[in-house]
$ cat query-v2.cif   # mmCIF, C-alpha atoms
data_start
#
loop_
_atom_site.label_atom_id
_atom_site.label_comp_id
_atom_site.auth_asym_id
_atom_site.auth_seq_id
_atom_site.Cartn_x
_atom_site.Cartn_y
_atom_site.Cartn_z
CA MET A 23 4.49 29.87 -4.08
CA LYS A 24 4.62 29.38 -0.34
CA LEU A 25 4.78 25.79 0.90
CA PHE A 26 1.85 25.22 3.21
CA MET A 27 2.42 21.63 4.27
CA LYS A 28 4.01 18.31 3.42
CA VAL A 29 2.15 15.07 4.10
CA THR A 30 3.73 11.61 4.16
CA ALA A 31 2.01 8.83 2.21
CA PRO A 32 3.58 5.66 3.67
CA ALA A 33 3.81 2.43 1.70
CA LYS A 34 1.28 -0.19 2.85
CA LEU A 35 2.09 -3.88 3.24
CA ASN A 36 -0.12 -6.91 3.64
CA LEU A 37 1.51 -9.27 6.13
CA PHE A 38 -1.01 -11.79 4.82
CA LEU A 39 -4.03 -11.66 2.53
CA HIS A 40 -6.78 -14.26 2.76
CA ILE A 41 -9.75 -14.30 0.36
CA THR A 42 -12.70 -15.49 2.43
CA GLY A 43 -15.58 -15.09 -0.03
CA ARG A 44 -17.17 -12.98 -2.73
CA ARG A 45 -20.14 -10.64 -2.60
CA ASN A 46 -22.99 -10.69 -5.11
CA ASP A 47 -21.62 -7.52 -6.70
CA GLY A 48 -18.34 -9.29 -7.48
CA TYR A 49 -16.20 -7.73 -4.77
CA HIS A 50 -14.00 -10.25 -2.97
CA LEU A 51 -14.13 -10.44 0.81
CA LEU A 52 -10.77 -10.56 2.51
CA GLU A 53 -8.93 -10.72 5.78
CA SER A 54 -5.54 -9.08 6.03
CA VAL A 55 -3.12 -7.37 8.37
CA PHE A 56 -2.04 -3.98 7.06
CA VAL A 57 1.19 -2.36 8.21
CA PHE A 58 2.87 0.85 7.08
CA THR A 59 6.50 1.76 6.54
CA GLU A 60 8.71 4.80 7.09
CA PHE A 61 9.28 4.81 3.32
CA GLY A 62 6.66 6.31 1.05
CA ASP A 63 5.47 9.08 -1.23
CA PHE A 64 5.04 12.73 -0.27
CA ILE A 65 2.23 15.17 -0.93
CA SER A 66 3.25 18.85 -0.91
CA ILE A 67 0.49 21.47 -0.88
CA PHE A 68 1.01 25.09 -1.92
CA GLU A 69 -1.36 28.04 -1.83
CA SER A 70 -3.09 28.63 -5.17
CA ASP A 71 -6.25 30.20 -6.60
CA SER A 72 -7.02 27.08 -8.63
CA LEU A 73 -6.68 23.33 -8.14
CA SER A 74 -3.67 21.78 -9.87
CA PHE A 75 -1.88 18.44 -9.56
CA THR A 76 1.73 17.74 -10.55
CA ILE A 77 3.75 14.52 -10.24
CA ASP A 78 7.51 14.24 -9.75
CA GLY A 79 9.84 11.70 -8.13
CA GLN A 80 11.48 8.42 -9.17
CA PHE A 81 8.32 6.86 -10.61
CA GLN A 82 6.82 10.04 -12.06
CA SER A 83 7.19 8.72 -15.61
CA ARG A 84 4.99 5.71 -14.83
CA LEU A 85 2.07 8.05 -14.13
CA SER A 86 2.73 11.00 -16.42
CA ASP A 87 1.29 9.30 -19.51
CA ALA A 88 -2.04 8.64 -17.83
CA LEU A 89 -4.84 11.20 -17.73
CA ILE A 90 -4.51 13.22 -14.54
CA GLU A 91 -8.30 12.98 -14.12
CA ASN A 92 -7.89 9.23 -13.54
CA ASN A 93 -5.33 9.63 -10.76
CA ILE A 94 -6.94 8.60 -7.48
CA ALA A 95 -5.06 11.27 -5.50
CA TYR A 96 -6.30 14.01 -7.83
CA ARG A 97 -9.83 12.59 -7.61
CA ALA A 98 -9.53 12.79 -3.82
CA ALA A 99 -8.82 16.52 -4.11
CA LEU A 100 -11.77 17.03 -6.47
CA LEU A 101 -14.04 15.07 -4.14
CA LEU A 102 -13.32 17.35 -1.19
CA GLN A 103 -13.48 20.53 -3.27
CA LYS A 104 -16.89 19.68 -4.74
CA LYS A 105 -18.47 18.12 -1.66
CA TYR A 106 -17.57 21.04 0.60
CA HIS A 107 -17.98 23.75 -2.06
CA ILE A 108 -14.44 25.06 -1.77
CA ALA A 109 -14.01 28.19 -3.89
CA SER A 110 -10.24 28.43 -3.44
CA GLY A 111 -7.74 25.99 -4.90
CA ALA A 112 -4.49 24.27 -4.02
CA SER A 113 -1.35 23.41 -5.92
CA ILE A 114 -0.62 19.76 -5.10
CA TYR A 115 2.67 18.01 -5.85
CA LEU A 116 2.98 14.23 -5.58
CA THR A 117 6.54 12.97 -5.14
CA LYS A 118 6.22 9.40 -6.40
CA ASN A 119 8.76 7.13 -4.65
CA ILE A 120 6.58 4.00 -4.39
CA PRO A 121 6.63 1.81 -7.53
CA VAL A 122 3.39 1.84 -9.50
CA GLY A 123 1.27 -1.33 -9.61
CA ALA A 124 3.52 -2.91 -7.01
CA GLY A 125 1.19 -4.21 -4.29
CA LEU A 126 2.27 -1.45 -1.90
CA GLY A 127 -0.95 0.58 -1.90
CA GLY A 128 0.66 3.56 -3.60
CA GLY A 129 -2.50 5.01 -5.10
CA SER A 130 -4.56 4.49 -1.95
CA THR A 131 -1.97 6.02 0.37
CA ASP A 132 -1.56 9.02 -1.96
CA ALA A 133 -5.33 9.60 -1.95
CA ALA A 134 -5.40 9.30 1.84
CA ALA A 135 -2.58 11.84 2.20
CA VAL A 136 -4.41 14.30 -0.08
CA LEU A 137 -7.63 13.94 1.94
CA LYS A 138 -5.81 14.47 5.24
CA GLY A 139 -3.69 17.32 3.91
CA LEU A 140 -6.52 19.26 2.27
CA ASN A 141 -8.73 18.73 5.32
CA GLN A 142 -6.21 20.86 7.22
CA PHE A 143 -5.31 23.15 4.31
CA TRP A 144 -8.91 24.19 3.71
CA ASN A 145 -9.77 24.16 7.46
CA LEU A 146 -12.62 21.72 6.90
CA ASN A 147 -12.36 20.04 10.32
CA ILE A 148 -13.73 16.77 8.97
CA ASP A 149 -13.56 14.07 11.64
CA LYS A 150 -11.56 10.91 10.96
CA LYS A 151 -14.62 8.66 10.64
CA THR A 152 -16.20 10.88 7.97
CA LEU A 153 -12.89 11.22 6.15
CA MET A 154 -12.56 7.42 6.07
CA GLU A 155 -16.11 7.09 4.71
CA LEU A 156 -15.21 9.53 1.94
CA GLY A 157 -12.05 7.56 1.29
CA LEU A 158 -14.02 4.34 0.81
CA THR A 159 -15.84 5.93 -2.14
CA LEU A 160 -12.44 6.27 -3.83
CA GLY A 161 -11.04 2.81 -3.08
CA ALA A 162 -11.31 -0.08 -0.63
CA ASP A 163 -7.85 0.48 0.90
CA VAL A 164 -8.09 4.27 1.30
CA PRO A 165 -9.78 4.22 4.76
CA ALA A 166 -7.00 2.07 6.24
CA CYS A 167 -4.42 4.39 4.67
CA ILE A 168 -6.14 7.38 6.29
CA SER A 169 -5.77 5.65 9.65
CA ALA A 170 -2.19 4.58 8.74
CA GLN A 171 -2.03 2.26 11.76
CA SER A 172 -1.35 -1.46 11.96
CA ALA A 173 -4.75 -3.07 11.57
CA PHE A 174 -6.69 -6.25 10.97
CA VAL A 175 -8.81 -5.49 7.93
CA SER A 176 -11.83 -7.45 6.69
CA GLY A 177 -14.84 -7.16 4.40
CA ILE A 178 -13.75 -5.37 1.22
CA GLY A 179 -11.45 -3.23 3.34
CA GLU A 180 -14.01 -1.20 5.25
CA ASN A 181 -13.77 -3.10 8.56
CA ILE A 182 -10.60 -1.80 10.22
CA ASN A 183 -9.50 -2.81 13.71
CA ALA A 184 -6.24 -1.47 15.10
CA ILE A 185 -3.98 -4.18 16.53
CA ASP A 186 -0.78 -4.28 18.55
CA LEU A 187 2.11 -5.61 16.46
CA SER A 188 4.92 -4.65 18.82
CA PHE A 189 6.10 -8.29 18.66
CA MET A 190 6.88 -8.02 14.93
CA PRO A 191 10.38 -7.70 13.43
CA LYS A 192 10.62 -4.06 12.35
CA PHE A 193 13.34 -3.94 9.70
CA ILE A 194 12.10 -4.66 6.23
CA LEU A 195 13.55 -5.14 2.78
CA LEU A 196 11.21 -4.39 -0.14
CA VAL A 197 12.11 -5.85 -3.54
CA ASN A 198 10.31 -5.41 -6.84
CA PRO A 199 11.33 -6.95 -10.21
CA CYS A 200 10.69 -3.57 -11.90
CA GLN A 201 7.40 -4.89 -13.25
CA SER A 202 3.85 -3.93 -12.36
CA LEU A 203 0.60 -5.82 -11.96
CA SER A 204 -3.01 -4.70 -12.18
CA THR A 205 -4.90 -5.48 -8.97
CA SER A 206 -8.12 -6.16 -10.88
CA ALA A 207 -6.31 -8.46 -13.33
CA ILE A 208 -4.78 -10.46 -10.48
CA PHE A 209 -8.17 -10.86 -8.81
CA GLN A 210 -9.58 -12.03 -12.15
CA GLN A 211 -6.75 -14.57 -12.45
CA TYR A 212 -7.44 -15.72 -8.88
CA LYS A 213 -11.11 -16.17 -9.82
CA LYS A 214 -10.11 -18.32 -12.83
CA GLU A 215 -8.09 -20.61 -10.56
CA ASN A 216 -11.40 -21.50 -8.86
CA LYS A 217 -9.77 -22.08 -5.49
CA SER A 218 -11.67 -22.71 -2.30
CA PHE A 219 -11.98 -19.63 -0.13
CA THR A 220 -9.82 -19.43 2.99
CA ALA A 221 -11.72 -19.92 6.25
CA PRO A 222 -12.01 -16.75 8.36
CA LEU A 223 -9.51 -16.45 11.21
CA ASN A 224 -10.67 -17.13 14.73
CA ASP A 225 -7.27 -16.87 16.38
CA GLU A 226 -5.75 -13.85 18.05
CA ILE A 227 -3.21 -12.20 15.74
CA ASP A 228 0.25 -13.09 17.01
CA PHE A 229 3.53 -13.92 15.28
CA SER A 230 2.69 -17.62 14.94
CA THR A 231 -0.65 -16.74 13.31
CA ILE A 232 1.13 -14.53 10.79
CA LEU A 233 3.73 -17.22 10.07
CA LYS A 234 0.97 -19.77 9.39
CA SER A 235 -0.95 -17.38 7.13
CA HIS A 236 -0.38 -16.74 3.43
CA ASN A 237 -1.25 -14.53 0.47
CA ASP A 238 -4.06 -16.04 -1.61
CA LEU A 239 -3.08 -13.89 -4.62
CA GLU A 240 0.48 -15.20 -4.75
CA SER A 241 -0.09 -17.97 -7.31
CA ALA A 242 -2.00 -15.60 -9.62
CA ALA A 243 0.85 -13.07 -9.45
CA ILE A 244 3.47 -15.76 -10.09
CA LYS A 245 1.52 -16.92 -13.13
CA SER A 246 1.73 -13.36 -14.50
CA ILE A 247 5.33 -12.70 -13.42
CA PRO A 248 7.19 -16.00 -12.77
CA ASP A 249 10.20 -14.08 -11.41
CA THR A 250 8.10 -13.43 -8.31
CA GLN A 251 8.59 -17.06 -7.23
CA THR A 252 12.37 -16.80 -7.66
CA LEU A 253 12.40 -13.55 -5.71
CA LEU A 254 10.47 -15.08 -2.82
CA THR A 255 12.85 -18.04 -2.70
CA ILE A 256 15.90 -15.75 -2.59
CA LEU A 257 14.39 -13.61 0.18
CA LYS A 258 13.55 -16.64 2.31
CA GLN A 259 17.15 -17.84 2.00
CA GLN A 260 18.61 -14.67 3.51
CA LYS A 261 20.39 -15.10 6.83
CA HIS A 262 18.24 -14.13 9.85
CA CYS A 263 15.14 -13.54 7.68
CA ALA A 264 12.17 -13.85 10.06
CA PHE A 265 9.82 -14.44 7.14
CA ALA A 266 9.23 -13.32 3.56
CA ARG A 267 6.06 -12.88 1.55
CA MET A 268 4.47 -11.08 -1.38
CA SER A 269 2.50 -7.93 -0.55
CA GLY A 270 -1.00 -7.30 -1.86
CA SER A 271 -1.52 -8.26 -5.49
CA GLY A 272 2.24 -8.13 -6.08
CA PRO A 273 4.75 -8.31 -7.46
CA THR A 274 6.66 -6.58 -4.62
CA CYS A 275 7.93 -9.05 -2.03
CA PHE A 276 9.38 -8.31 1.38
CA ALA A 277 11.59 -9.88 4.02
CA LEU A 278 11.48 -8.95 7.71
CA PHE A 279 14.47 -8.90 10.05
CA HIS A 280 14.89 -8.31 13.78
CA ASP A 281 17.92 -6.03 13.37
CA MET A 282 19.18 -3.49 10.86
CA ASN A 283 22.55 -5.18 10.31
CA SER A 284 20.88 -8.38 9.08
CA ALA A 285 18.60 -6.37 6.81
CA LYS A 286 21.55 -4.43 5.38
CA LEU A 287 23.48 -7.64 4.75
CA ALA A 288 20.50 -9.08 2.87
CA GLU A 289 20.21 -5.85 0.88
CA GLN A 290 23.85 -6.17 -0.23
CA VAL A 291 23.42 -9.82 -1.20
CA ILE A 292 20.27 -9.16 -3.23
CA GLN A 293 21.77 -6.12 -4.94
CA LYS A 294 24.48 -8.45 -6.28
CA GLN A 295 22.07 -11.26 -7.18
CA LEU A 296 19.35 -9.07 -8.67
CA PRO A 297 21.10 -5.88 -9.83
CA THR A 298 18.23 -4.69 -12.04
CA TYR A 299 15.58 -4.96 -9.31
CA TRP A 300 14.20 -2.08 -7.24
CA ILE A 301 15.27 -2.51 -3.60
CA GLN A 302 14.31 -0.41 -0.59
CA LEU A 303 15.42 -0.91 3.02
CA THR A 304 13.10 0.66 5.58
CA LYS A 305 11.31 0.13 8.92
CA LEU A 306 7.76 -0.70 9.86
CA CYS A 307 5.86 2.07 11.64
CA ILE A 308 5.14 -0.02 14.73
CA THR A 309 5.44 1.25 18.30
#
$ encode --input "query-v2.cif" --output "structure tokens"
Amino acid sequence: MKLFMKVTAPAKLNLFLHITGRRNDGYHLLESVFVFTEFGDFISIFESDSLSFTIDGQFQSRLSDALIENNIAYRAALLLQKKYHIASGASIYLTKNIPVGAGLGGGSTDAAAVLKGLNQFWNLNIDKKTLMELGLTLGADVPACISAQSAFVSGIGENINAIDLSFMPKFILLVNPCQSLSTSAIFQQYKKENKSFTAPLNDEIDFSTILKSHNDLESAAIKSIPDTQTLLTILKQQKHCAFARMSGSGPTCFALFHDMNSAKLAEQVIQKQLPTYWIQLTKLCIT
């Protein structure tokens, strides 16, 4: 097989996540700032007469037991093939580096990478707006992952406005307790807590706004995995940590640093304190 292309599927982080309401259909309304990292999964596409989907990589085993038909990235490929009546196929390989059920948007970013990759592979010439609309039918975060730019996101994830985050610290340490959480289960737990919704933001997004913000799903995640609270405390204690928070529905937490040396030092400290945890040092994709 001849390799046609390789597409990066960057990990997505929520710098904050505010729940501002709930629609009649049960979907929660949110406000969040999405950022993407240099670290992520990879989608490799080979020429083939039929459509196939194979998973490898560090976290391959976490997905291999599930029906391939339920994989959002595979469903993205089927969606394009059926909608645009593609007679030919593609052999798609997903290299799974992002932990599964980690709050890093792994499924959404994989689906986005498949849509973007096959759009080129099959010469469909679908414009970005249409591709994002297709992505929304797969999942609320897929459109933002197609854009893969720092953005203020609202609604259920469909309102995406690019923002300048050049002021942000760029070096980031991702830490996961090697446990996973279901996004839907965490939202259900949040609903049970019967908290008041967070008021929508009126301020311009700057570093002080981000510092004052929070993740409304944090307490629900901590209730499911108490180690998340300990992890957050340890990250916040690291020297020169600009700030630390949980991403998405958890349980992955992150700490941001202004320089690589400080981030590497924190990585070494946490590797000693939490030797069984998954740890990844990377950079934010911010210009």
$ residues_around --input "query-v2.cif" --residues "Leu254 of chain A" --least-positions-apart "5" --cutoff "9 Å" --atoms "only C-alpha atoms" --output "number ranges by chain"
A: 249, 259, 266-268, 275-277
$ resolve_selection --input "query-v2.cif" --expression "the PyMOL selection byres ((chain A and resi 281) around 8)" --output "MDAnalysis selection string"
chainID A and resid 191:193 279:280 282:285
$ atom_distance --input "query-v2.cif" --atom1 "atom CA of Glu289 of chain A" --atom2 "atom CA of Lys305 of chain A"
13.4 Å
$ closest_atom_pairs --input "query-v2.cif" --of "segment 191-212 of chain A" --to "segment 116-126 of chain A" --cutoff "10 Å" --atoms "all atoms listed in the file" --output "CSV"
residue,atom,partner,partner_atom,distance
A:Leu196,CA,A:Leu126,CA,9.6
A:Val197,CA,A:Ala124,CA,9.7
A:Asn198,CA,A:Ala124,CA,7.2
A:Pro199,CA,A:Ala124,CA,9.4
A:Cys200,CA,A:Pro121,CA,8.0
A:Gln201,CA,A:Ala124,CA,7.6
A:Ser202,CA,A:Gly123,CA,4.6
A:Leu203,CA,A:Gly123,CA,5.1
A:Ser204,CA,A:Gly123,CA,6.0
A:Thr205,CA,A:Gly123,CA,7.5
$ resolve_selection --input "query-v2.cif" --expression "the PyMOL selection byres ((chain A and resi 182) around 12)" --output "ChimeraX atom specification"
/A:52-57,151,154-155,158,162-181,183-185
$ resolve_selection --input "query-v2.cif" --expression "the PyMOL selection byres ((chain A and resi 72) around 7)" --output "mmCIF file with C-alpha atoms, in the frame of the given file"
data_model
loop_
_atom_site.group_PDB
_atom_site.id
_atom_site.type_symbol
_atom_site.label_atom_id
_atom_site.label_comp_id
_atom_site.auth_asym_id
_atom_site.auth_seq_id
_atom_site.Cartn_x
_atom_site.Cartn_y
_atom_site.Cartn_z
ATOM 1 C CA SER A 70 -3.090 28.630 -5.170
ATOM 2 C CA ASP A 71 -6.250 30.200 -6.600
ATOM 3 C CA LEU A 73 -6.680 23.330 -8.140
ATOM 4 C CA SER A 74 -3.670 21.780 -9.870
ATOM 5 C CA SER A 110 -10.240 28.430 -3.440
ATOM 6 C CA GLY A 111 -7.740 25.990 -4.900
ATOM 7 C CA ALA A 112 -4.490 24.270 -4.020
#
$ closest_residue --input "query-v2.cif" --among "A:Ile65, A:Leu253, A:Leu89, A:Leu37" --to "Trp300 of chain A" --atoms "all atoms listed in the file"
A:Leu253
$ residues_around --input "query-v2.cif" --residues "Phe189 of chain A" --least-positions-apart "3" --cutoff "9 Å" --atoms "all atoms listed in the file" --output "PyMOL selection string"
chain A and resi 186+192+228-229
$ closest_residue --input "query-v2.cif" --among "A:Ile67, A:Ala33, A:Ile194, A:Ala99" --to "Tyr115 of chain A" --atoms "only C-alpha atoms"
A:Ile67
